[in-house]
$ cat structure06.cif   # mmCIF, C-alpha atoms; chains and numbers go by the auth columns
data_work
#
loop_
_atom_site.group_PDB
_atom_site.id
_atom_site.type_symbol
_atom_site.label_atom_id
_atom_site.label_comp_id
_atom_site.label_asym_id
_atom_site.label_seq_id
_atom_site.Cartn_x
_atom_site.Cartn_y
_atom_site.Cartn_z
_atom_site.B_iso_or_equiv
_atom_site.auth_seq_id
_atom_site.auth_asym_id
ATOM 1 C CA MET A 1 33.882 -129.161 -8.577 0.00 17 A
ATOM 2 C CA SER A 2 33.071 -131.371 -5.592 0.00 18 A
ATOM 3 C CA ALA A 3 35.329 -131.493 -2.570 0.00 19 A
ATOM 4 C CA ARG A 4 37.470 -134.563 -1.984 0.00 20 A
ATOM 5 C CA VAL A 5 36.062 -137.011 0.550 0.00 21 A
ATOM 6 C CA VAL A 6 38.219 -138.038 3.525 0.00 22 A
ATOM 7 C CA ILE A 7 37.380 -140.742 6.091 0.00 23 A
ATOM 8 C CA ASP A 8 38.989 -142.377 9.112 0.00 24 A
ATOM 9 C CA SER A 9 39.271 -145.874 7.636 0.00 25 A
ATOM 10 C CA VAL A 10 39.313 -147.679 11.007 0.00 26 A
ATOM 11 C CA GLU A 11 36.299 -145.873 12.479 0.00 27 A
ATOM 12 C CA PHE A 12 34.431 -146.052 9.164 0.00 28 A
ATOM 13 C CA ALA A 13 34.888 -149.846 9.026 0.00 29 A
ATOM 14 C CA ARG A 14 34.177 -150.389 12.754 0.00 30 A
ATOM 15 C CA ALA A 15 30.930 -148.421 12.569 0.00 31 A
ATOM 16 C CA GLY A 16 29.836 -150.175 9.353 0.00 32 A
ATOM 17 C CA GLU A 17 29.292 -146.806 7.715 0.00 33 A
ATOM 18 C CA GLN A 18 28.252 -146.355 4.109 0.00 34 A
ATOM 19 C CA LEU A 19 29.182 -143.553 1.739 0.00 35 A
ATOM 20 C CA SER A 20 28.296 -142.935 -1.883 0.00 36 A
ATOM 21 C CA GLY A 21 29.244 -140.126 -4.180 0.00 37 A
ATOM 22 C CA VAL A 22 30.738 -139.033 -7.457 0.00 38 A
ATOM 23 C CA ALA A 23 34.398 -138.450 -8.333 0.00 39 A
ATOM 24 C CA PRO A 24 35.048 -136.282 -11.414 0.00 40 A
ATOM 25 C CA VAL A 25 37.475 -138.033 -13.761 0.00 41 A
ATOM 26 C CA GLY A 26 39.423 -134.782 -14.204 0.00 42 A
ATOM 27 C CA ALA A 27 40.221 -134.714 -10.460 0.00 43 A
ATOM 28 C CA LEU A 28 42.038 -138.065 -10.603 0.00 44 A
ATOM 29 C CA ALA A 29 45.524 -136.819 -11.528 0.00 45 A
ATOM 30 C CA ARG A 30 47.319 -140.202 -11.613 0.00 46 A
ATOM 31 C CA LEU A 31 44.812 -141.424 -14.189 0.00 47 A
ATOM 32 C CA ALA A 32 45.450 -138.496 -16.571 0.00 48 A
ATOM 33 C CA ASP A 33 48.262 -140.178 -18.574 0.00 49 A
ATOM 34 C CA SER A 34 45.913 -142.968 -19.676 0.00 50 A
ATOM 35 C CA LEU A 35 43.007 -140.740 -20.648 0.00 51 A
ATOM 36 C CA PHE A 36 42.011 -139.292 -23.992 0.00 52 A
ATOM 37 C CA ASP A 37 40.075 -136.580 -22.181 0.00 53 A
ATOM 38 C CA ALA A 38 39.181 -135.826 -18.582 0.00 54 A
ATOM 39 C CA GLY A 39 35.412 -135.705 -19.077 0.00 55 A
ATOM 40 C CA GLY A 40 32.944 -137.737 -17.099 0.00 56 A
ATOM 41 C CA GLU A 41 32.304 -138.873 -13.562 0.00 57 A
ATOM 42 C CA LEU A 42 32.692 -142.097 -11.642 0.00 58 A
ATOM 43 C CA LYS A 43 30.057 -143.122 -9.125 0.00 59 A
ATOM 44 C CA PHE A 44 31.334 -144.892 -6.039 0.00 60 A
ATOM 45 C CA GLU A 45 29.905 -146.625 -3.022 0.00 61 A
ATOM 46 C CA LEU A 46 32.057 -147.416 0.008 0.00 62 A
ATOM 47 C CA THR A 47 30.857 -149.662 2.818 0.00 63 A
ATOM 48 C CA GLY A 48 32.681 -150.425 6.058 0.00 64 A
ATOM 49 C CA GLY A 49 32.478 -153.669 7.951 0.00 65 A
ATOM 50 C CA SER A 50 34.413 -156.727 8.991 0.00 66 A
ATOM 51 C CA ASP A 51 34.953 -160.166 7.538 0.00 67 A
ATOM 52 C CA SER A 52 34.290 -163.581 9.093 0.00 68 A
ATOM 53 C CA ARG A 53 37.596 -163.345 10.997 0.00 69 A
ATOM 54 C CA GLN A 54 36.603 -159.939 12.459 0.00 70 A
ATOM 55 C CA ARG A 55 39.193 -158.066 10.388 0.00 71 A
ATOM 56 C CA LEU A 56 38.146 -154.555 9.409 0.00 72 A
ATOM 57 C CA LYS A 57 37.457 -154.100 5.716 0.00 73 A
ATOM 58 C CA LEU A 58 36.132 -151.618 3.208 0.00 74 A
ATOM 59 C CA LYS A 59 34.024 -152.700 0.258 0.00 75 A
ATOM 60 C CA LEU A 60 34.325 -150.353 -2.719 0.00 76 A
ATOM 61 C CA ALA A 61 32.174 -150.361 -5.856 0.00 77 A
ATOM 62 C CA VAL A 62 32.925 -147.973 -8.739 0.00 78 A
ATOM 63 C CA ALA A 63 30.872 -147.554 -11.922 0.00 79 A
ATOM 64 C CA GLY A 64 30.944 -145.229 -14.892 0.00 80 A
ATOM 65 C CA SER A 65 32.830 -144.737 -18.116 0.00 81 A
ATOM 66 C CA ILE A 66 36.160 -143.151 -18.967 0.00 82 A
ATOM 67 C CA ASN A 67 37.701 -142.253 -22.307 0.00 83 A
ATOM 68 C CA LEU A 68 41.080 -143.921 -22.640 0.00 84 A
ATOM 69 C CA GLN A 69 43.535 -143.194 -25.433 0.00 85 A
ATOM 70 C CA CYS A 70 43.725 -146.031 -27.963 0.00 86 A
ATOM 71 C CA GLN A 71 47.364 -147.004 -28.372 0.00 87 A
ATOM 72 C CA ARG A 72 46.777 -148.074 -31.966 0.00 88 A
ATOM 73 C CA CYS A 73 45.098 -144.984 -33.456 0.00 89 A
ATOM 74 C CA LEU A 74 45.553 -142.508 -30.530 0.00 90 A
ATOM 75 C CA GLY A 75 41.815 -141.796 -30.656 0.00 91 A
ATOM 76 C CA SER A 76 39.198 -141.963 -27.931 0.00 92 A
ATOM 77 C CA LEU A 77 38.264 -145.379 -26.578 0.00 93 A
ATOM 78 C CA ALA A 78 35.201 -145.526 -24.308 0.00 94 A
ATOM 79 C CA PHE A 79 36.002 -147.870 -21.434 0.00 95 A
ATOM 80 C CA PRO A 80 33.165 -148.997 -19.146 0.00 96 A
ATOM 81 C CA VAL A 81 34.141 -149.133 -15.480 0.00 97 A
ATOM 82 C CA ALA A 82 32.540 -151.660 -13.130 0.00 98 A
ATOM 83 C CA VAL A 83 34.876 -152.397 -10.229 0.00 99 A
ATOM 84 C CA GLN A 84 34.181 -154.248 -6.984 0.00 100 A
ATOM 85 C CA ALA A 85 36.990 -154.383 -4.402 0.00 101 A
ATOM 86 C CA ASN A 86 37.317 -155.714 -0.862 0.00 102 A
ATOM 87 C CA LEU A 87 40.030 -153.810 0.989 0.00 103 A
ATOM 88 C CA LEU A 88 41.397 -155.086 4.288 0.00 104 A
ATOM 89 C CA VAL A 89 42.187 -152.209 6.672 0.00 105 A
ATOM 90 C CA LEU A 90 45.708 -152.977 7.890 0.00 106 A
ATOM 91 C CA THR A 91 45.736 -151.796 11.495 0.00 107 A
ATOM 92 C CA GLY A 92 48.630 -153.885 12.799 0.00 108 A
ATOM 93 C CA GLU A 93 46.468 -155.004 15.770 0.00 109 A
ATOM 94 C CA ALA A 94 45.958 -158.567 14.574 0.00 110 A
ATOM 95 C CA GLY A 95 49.724 -159.165 14.381 0.00 111 A
ATOM 96 C CA GLY A 96 50.272 -160.953 11.108 0.00 112 A
ATOM 97 C CA GLU A 97 47.069 -160.014 9.331 0.00 113 A
ATOM 98 C CA THR A 98 49.129 -159.512 6.170 0.00 114 A
ATOM 99 C CA ALA A 99 50.188 -163.169 6.205 0.00 115 A
ATOM 100 C CA GLU A 100 46.736 -164.419 5.222 0.00 116 A
ATOM 101 C CA ILE A 101 44.923 -161.713 3.299 0.00 117 A
ATOM 102 C CA ASP A 102 43.166 -164.254 1.058 0.00 118 A
ATOM 103 C CA ASP A 103 41.137 -162.472 -1.603 0.00 119 A
ATOM 104 C CA LEU A 104 41.438 -159.030 -0.024 0.00 120 A
ATOM 105 C CA ASP A 105 43.770 -156.216 -0.994 0.00 121 A
ATOM 106 C CA GLY A 106 45.141 -154.238 1.917 0.00 122 A
ATOM 107 C CA VAL A 107 45.070 -150.518 2.653 0.00 123 A
ATOM 108 C CA PRO A 108 46.873 -148.973 5.607 0.00 124 A
ATOM 109 C CA ALA A 109 44.730 -147.685 8.461 0.00 125 A
ATOM 110 C CA ASN A 110 44.646 -143.909 8.255 0.00 126 A
ATOM 111 C CA ALA A 111 42.587 -141.203 9.914 0.00 127 A
ATOM 112 C CA GLN A 112 42.823 -139.187 6.673 0.00 128 A
ATOM 113 C CA THR A 113 42.010 -141.783 3.979 0.00 129 A
ATOM 114 C CA ASP A 114 41.165 -140.040 0.702 0.00 130 A
ATOM 115 C CA VAL A 115 38.245 -141.936 -0.842 0.00 131 A
ATOM 116 C CA TRP A 116 38.945 -140.566 -4.328 0.00 132 A
ATOM 117 C CA SER A 117 42.464 -142.006 -4.090 0.00 133 A
ATOM 118 C CA LEU A 118 40.963 -145.426 -3.320 0.00 134 A
ATOM 119 C CA VAL A 119 38.691 -145.032 -6.359 0.00 135 A
ATOM 120 C CA GLU A 120 41.646 -143.984 -8.517 0.00 136 A
ATOM 121 C CA ASP A 121 43.759 -146.931 -7.309 0.00 137 A
ATOM 122 C CA GLU A 122 41.067 -149.407 -8.317 0.00 138 A
ATOM 123 C CA ILE A 123 40.570 -147.785 -11.736 0.00 139 A
ATOM 124 C CA LEU A 124 44.324 -147.855 -12.409 0.00 140 A
ATOM 125 C CA LEU A 125 44.331 -151.571 -11.601 0.00 141 A
ATOM 126 C CA ALA A 126 41.315 -152.211 -13.859 0.00 142 A
ATOM 127 C CA ILE A 127 42.370 -150.458 -17.062 0.00 143 A
ATOM 128 C CA PRO A 128 44.361 -152.367 -19.676 0.00 144 A
ATOM 129 C CA LEU A 129 48.090 -151.670 -19.967 0.00 145 A
ATOM 130 C CA ALA A 130 47.775 -150.764 -23.653 0.00 146 A
ATOM 131 C CA PRO A 131 44.113 -150.035 -24.432 0.00 147 A
ATOM 132 C CA ARG A 132 43.135 -150.272 -28.069 0.00 148 A
ATOM 133 C CA HIS A 133 40.176 -150.693 -30.348 0.00 149 A
ATOM 134 C CA ALA A 134 39.788 -153.765 -32.474 0.00 150 A
ATOM 135 C CA GLU A 135 41.896 -153.123 -35.588 0.00 151 A
ATOM 136 C CA GLU A 136 38.874 -152.532 -37.815 0.00 152 A
ATOM 137 C CA GLN A 137 37.433 -150.009 -35.349 0.00 153 A
ATOM 138 C CA CYS A 138 40.448 -147.706 -35.204 0.00 154 A
ATOM 139 C CA SER A 139 39.912 -144.365 -36.832 0.00 155 A
ATOM 140 C CA PRO A 140 42.584 -143.124 -39.216 0.00 156 A
ATOM 141 C CA ALA A 141 44.837 -140.307 -38.026 0.00 157 A
ATOM 142 C CA VAL A 142 43.578 -136.836 -38.950 0.00 158 A
ATOM 143 C CA ASN A 143 45.451 -133.607 -39.615 0.00 159 A
ATOM 144 C CA ALA A 144 44.668 -130.156 -38.195 0.00 160 A
ATOM 145 C CA ALA A 145 42.059 -129.576 -40.916 0.00 161 A
ATOM 146 C CA GLY A 146 40.169 -132.682 -39.793 0.00 162 A
ATOM 147 C CA LYS A 147 41.053 -134.649 -42.951 0.00 163 A
ATOM 148 C CA PRO A 148 42.806 -138.033 -42.944 0.00 164 A
ATOM 149 C CA ALA A 149 46.518 -137.470 -42.477 0.00 165 A
ATOM 150 C CA ALA A 150 49.007 -138.968 -44.887 0.00 166 A
ATOM 151 C CA SER A 151 50.793 -141.995 -43.548 0.00 167 A
ATOM 152 C CA PRO A 152 54.298 -141.164 -42.358 0.00 168 A
ATOM 153 C CA PHE A 153 55.457 -144.146 -44.354 0.00 169 A
ATOM 154 C CA ALA A 154 53.954 -142.860 -47.625 0.00 170 A
ATOM 155 C CA ALA A 155 56.961 -140.599 -48.264 0.00 171 A
ATOM 156 C CA LEU A 156 59.314 -143.491 -47.501 0.00 172 A
ATOM 157 C CA ALA A 157 57.457 -145.745 -49.920 0.00 173 A
ATOM 158 C CA LYS A 158 57.692 -143.070 -52.607 0.00 174 A
ATOM 159 C CA LEU A 159 61.475 -142.705 -52.055 0.00 175 A
ATOM 160 C CA THR A 160 61.916 -146.469 -52.185 0.00 176 A
ATOM 161 C CA GLN A 161 60.017 -146.669 -55.476 0.00 177 A
ATOM 162 C CA GLU A 162 62.094 -143.841 -56.978 0.00 178 A
ATOM 163 C CA ARG A 163 65.351 -145.522 -55.952 0.00 179 A
ATOM 164 C CA SER A 164 64.269 -148.849 -57.390 0.00 180 A
ATOM 165 C CA LYS A 165 63.627 -147.153 -60.785 0.00 181 A
ATOM 166 C CA ASN A 166 67.188 -145.771 -60.902 0.00 182 A
#

$ encode --input "structure06.cif" --output "structure tokens"
Amino acid sequence: MSARVVIDSVEFARAGEQLSGVAPVGALARLADSLFDAGGELKFELTGGSDSRQRLKLKLAVAGSINLQCQRCLGSLAFPVAVQANLLVLTGEAGGETAEIDDLDGVPANAQTDVWSLVEDEILLAIPLAPRHAEEQCSPAVNAAGKPAASPFAALAKLTQERSKN
């Protein structure tokens, strides 16, 4: 497994540095509850710089695919990831830079900024709250033998029919 990438966000942005790499989906722990499985990788590119008002910023692009858990059928749902984010580095030097962030999200200045955490934050913001296939695309539930499982309501329907006969 690759090592986590850590940067000094202020120096990275000031120097206009660029970094690209791959974050394994399985290493993004906060994302785990939304996933069907932890397979795959996300490619990222991080670029430092400043905006027209000379505020330090990080531009993050993330691409790849993750397998979310469909909330309708509980099966695997391939979700393409294509995220572009502009992150204002909040240094506190500009005195009120948070008042007019415009279209930028802010991240606190930190000498130990974990790039994978930035990637994970953006993915968490991009995924749907309740991901699901279109109704006709959902696979039926299967039992341990790999055969379609009986509906939990089938037994209830049978009881209801028996009661109505009596």

$ resolve_selection --input "structure06.cif" --expression "the PyMOL selection byres ((chain A and resi 107) around 7)" --output "VMD selection string"
chain A and resid 105 to 106 108 to 109 124 to 125

$ residues_around --input "structure06.cif" --residues "stretch 59-76 of chain A" --least-positions-apart "6" --cutoff "7 Å" --atoms "all atoms listed in the file" --output "list in words"
Phe28, Ala29, Arg30, Gly32, Glu33, Gln34, Leu35, Ser36, Gly37, Val38, Ala39, Gln100, Ala101, Asn102, Leu103, Leu104 and Val105 of chain A

$ residues_around --input "structure06.cif" --residues "A:Leu140" --least-positions-apart "3" --cutoff "12 Å" --atoms "all atoms listed in the file" --output "JSON, numbers by chain"
{"A": [44, 45, 46, 47, 48, 49, 50, 51, 78, 82, 84, 97, 99, 133, 134, 135, 136, 137, 143, 144, 145]}

$ atom_distance --input "structure06.cif" --atom1 "atom CA of A:Ala94" --atom2 "atom CA of A:Gly55"
11.1 Å

$ atom_distance --input "structure06.cif" --atom1 "atom CA of A:Ala77" --atom2 "atom CA of A:Trp132"
12.0 Å

$ residues_around --input "structure06.cif" --residues "A:Phe95" --least-positions-apart "4" --cutoff "12 Å" --atoms "all atoms listed in the file" --output "NGL selection string"
:A and (50-52 or 56 or 58 or 79-86 or 139 or 142-144 or 147-149)

$ atom_distance --input "structure06.cif" --atom1 "atom CA of A:Ala43" --atom2 "atom CA of A:Gly91"
21.5 Å

$ axis_aligned_box --input "structure06.cif" --around "stretch 145-148 of chain A" --padding-each-side "3 Å" --output "lines of an AutoDock Vina configuration file"
center_x = 45.6
center_y = -150.9
center_z = -24.0
size_x = 11.0
size_y = 7.6
size_z = 14.1

$ residues_around --input "structure06.cif" --residues "A:Val21" --least-positions-apart "2" --cutoff "7 Å" --atoms "only C-alpha atoms" --output "VMD selection string"
chain A and resid 19 23 130 to 132

$ write_last_selection --input "structure06.cif" --atoms "C-alpha atoms" --output "PDB file, in the coordinates of the input"
ATOM      1  CA  ALA A  19      35.329-131.493  -2.570  1.00  0.00           C
ATOM      2  CA  ILE A  23      37.380-140.742   6.091  1.00  0.00           C
ATOM      3  CA  ASP A 130      41.165-140.040   0.702  1.00  0.00           C
ATOM      4  CA  VAL A 131      38.245-141.936  -0.842  1.00  0.00           C
ATOM      5  CA  TRP A 132      38.945-140.566  -4.328  1.00  0.00           C
TER       6      TRP A 132
END

$ resolve_selection --input "structure06.cif" --expression "the PyMOL selection byres ((chain A and resi 154) around 10)" --output "compact mmCIF listing (two decimals) with C-alpha atoms, in the coordinates of the input"
# COMPACT_ATOMS: atom_id res chain seq x y z
CA CYS A 86 43.72 -146.03 -27.96
CA GLN A 87 47.36 -147.00 -28.37
CA ARG A 88 46.78 -148.07 -31.97
CA CYS A 89 45.10 -144.98 -33.46
CA LEU A 90 45.55 -142.51 -30.53
CA GLY A 91 41.82 -141.80 -30.66
CA SER A 92 39.20 -141.96 -27.93
CA LEU A 93 38.26 -145.38 -26.58
CA ARG A 148 43.14 -150.27 -28.07
CA HIS A 149 40.18 -150.69 -30.35
CA ALA A 150 39.79 -153.76 -32.47
CA GLU A 151 41.90 -153.12 -35.59
CA GLU A 152 38.87 -152.53 -37.82
CA GLN A 153 37.43 -150.01 -35.35
CA SER A 155 39.91 -144.36 -36.83
CA PRO A 156 42.58 -143.12 -39.22
CA ALA A 157 44.84 -140.31 -38.03

$ build_atoms --input "structure06.cif" --residues "stretch 23-41 of chain A" --atoms "N, CA and C atoms" --output "PDB file, in the coordinates of the input"
ATOM      1  N   ILE A  23      37.965-139.965   4.992  1.00  0.00           N
ATOM      2  CA  ILE A  23      37.380-140.742   6.091  1.00  0.00           C
ATOM      3  C   ILE A  23      38.486-141.246   7.012  1.00  0.00           C
ATOM      4  N   ASP A  24      38.110-141.614   8.224  1.00  0.00           N
ATOM      5  CA  ASP A  24      38.989-142.377   9.112  1.00  0.00           C
ATOM      6  C   ASP A  24      38.668-143.831   8.806  1.00  0.00           C
ATOM      7  N   SER A  25      39.574-144.528   8.132  1.00  0.00           N
ATOM      8  CA  SER A  25      39.271-145.874   7.636  1.00  0.00           C
ATOM      9  C   SER A  25      38.927-146.860   8.751  1.00  0.00           C
ATOM     10  N   VAL A  26      39.586-146.755   9.904  1.00  0.00           N
ATOM     11  CA  VAL A  26      39.313-147.679  11.007  1.00  0.00           C
ATOM     12  C   VAL A  26      37.922-147.430  11.580  1.00  0.00           C
ATOM     13  N   GLU A  27      37.613-146.198  11.897  1.00  0.00           N
ATOM     14  CA  GLU A  27      36.299-145.873  12.479  1.00  0.00           C
ATOM     15  C   GLU A  27      35.173-146.134  11.477  1.00  0.00           C
ATOM     16  N   PHE A  28      35.421-145.830  10.216  1.00  0.00           N
ATOM     17  CA  PHE A  28      34.431-146.052   9.164  1.00  0.00           C
ATOM     18  C   PHE A  28      34.078-147.539   9.100  1.00  0.00           C
ATOM     19  N   ALA A  29      35.114-148.397   9.105  1.00  0.00           N
ATOM     20  CA  ALA A  29      34.888-149.846   9.026  1.00  0.00           C
ATOM     21  C   ALA A  29      34.239-150.369  10.307  1.00  0.00           C
ATOM     22  N   ARG A  30      34.734-149.927  11.466  1.00  0.00           N
ATOM     23  CA  ARG A  30      34.177-150.389  12.754  1.00  0.00           C
ATOM     24  C   ARG A  30      32.694-150.057  12.876  1.00  0.00           C
ATOM     25  N   ALA A  31      32.320-148.873  12.442  1.00  0.00           N
ATOM     26  CA  ALA A  31      30.930-148.421  12.569  1.00  0.00           C
ATOM     27  C   ALA A  31      30.043-148.975  11.456  1.00  0.00           C
ATOM     28  N   GLY A  32      30.634-149.637  10.466  1.00  0.00           N
ATOM     29  CA  GLY A  32      29.836-150.175   9.353  1.00  0.00           C
ATOM     30  C   GLY A  32      29.178-149.073   8.548  1.00  0.00           C
ATOM     31  N   GLU A  33      29.859-147.945   8.439  1.00  0.00           N
ATOM     32  CA  GLU A  33      29.292-146.806   7.715  1.00  0.00           C
ATOM     33  C   GLU A  33      29.211-147.072   6.222  1.00  0.00           C
ATOM     34  N   GLN A  34      28.418-146.252   5.558  1.00  0.00           N
ATOM     35  CA  GLN A  34      28.252-146.355   4.109  1.00  0.00           C
ATOM     36  C   GLN A  34      28.326-144.952   3.525  1.00  0.00           C
ATOM     37  N   LEU A  35      28.989-144.840   2.388  1.00  0.00           N
ATOM     38  CA  LEU A  35      29.182-143.553   1.739  1.00  0.00           C
ATOM     39  C   LEU A  35      29.077-143.758   0.237  1.00  0.00           C
ATOM     40  N   SER A  36      28.345-142.881  -0.427  1.00  0.00           N
ATOM     41  CA  SER A  36      28.296-142.935  -1.883  1.00  0.00           C
ATOM     42  C   SER A  36      28.488-141.529  -2.404  1.00  0.00           C
ATOM     43  N   GLY A  37      28.998-141.436  -3.602  1.00  0.00           N
ATOM     44  CA  GLY A  37      29.244-140.126  -4.180  1.00  0.00           C
ATOM     45  C   GLY A  37      29.745-140.238  -5.599  1.00  0.00           C
ATOM     46  N   VAL A  38      30.255-139.129  -6.085  1.00  0.00           N
ATOM     47  CA  VAL A  38      30.738-139.033  -7.457  1.00  0.00           C
ATOM     48  C   VAL A  38      32.122-138.400  -7.435  1.00  0.00           C
ATOM     49  N   ALA A  39      33.049-138.998  -8.177  1.00  0.00           N
ATOM     50  CA  ALA A  39      34.398-138.450  -8.333  1.00  0.00           C
ATOM     51  C   ALA A  39      34.564-138.015  -9.785  1.00  0.00           C
ATOM     52  N   PRO A  40      34.818-136.725 -10.042  1.00  0.00           N
ATOM     53  CA  PRO A  40      35.048-136.282 -11.414  1.00  0.00           C
ATOM     54  C   PRO A  40      36.347-136.883 -11.958  1.00  0.00           C
ATOM     55  N   VAL A  41      36.304-137.398 -13.159  1.00  0.00           N
ATOM     56  CA  VAL A  41      37.475-138.033 -13.761  1.00  0.00           C
ATOM     57  C   VAL A  41      38.643-137.049 -13.828  1.00  0.00           C
TER      58      VAL A  41
END
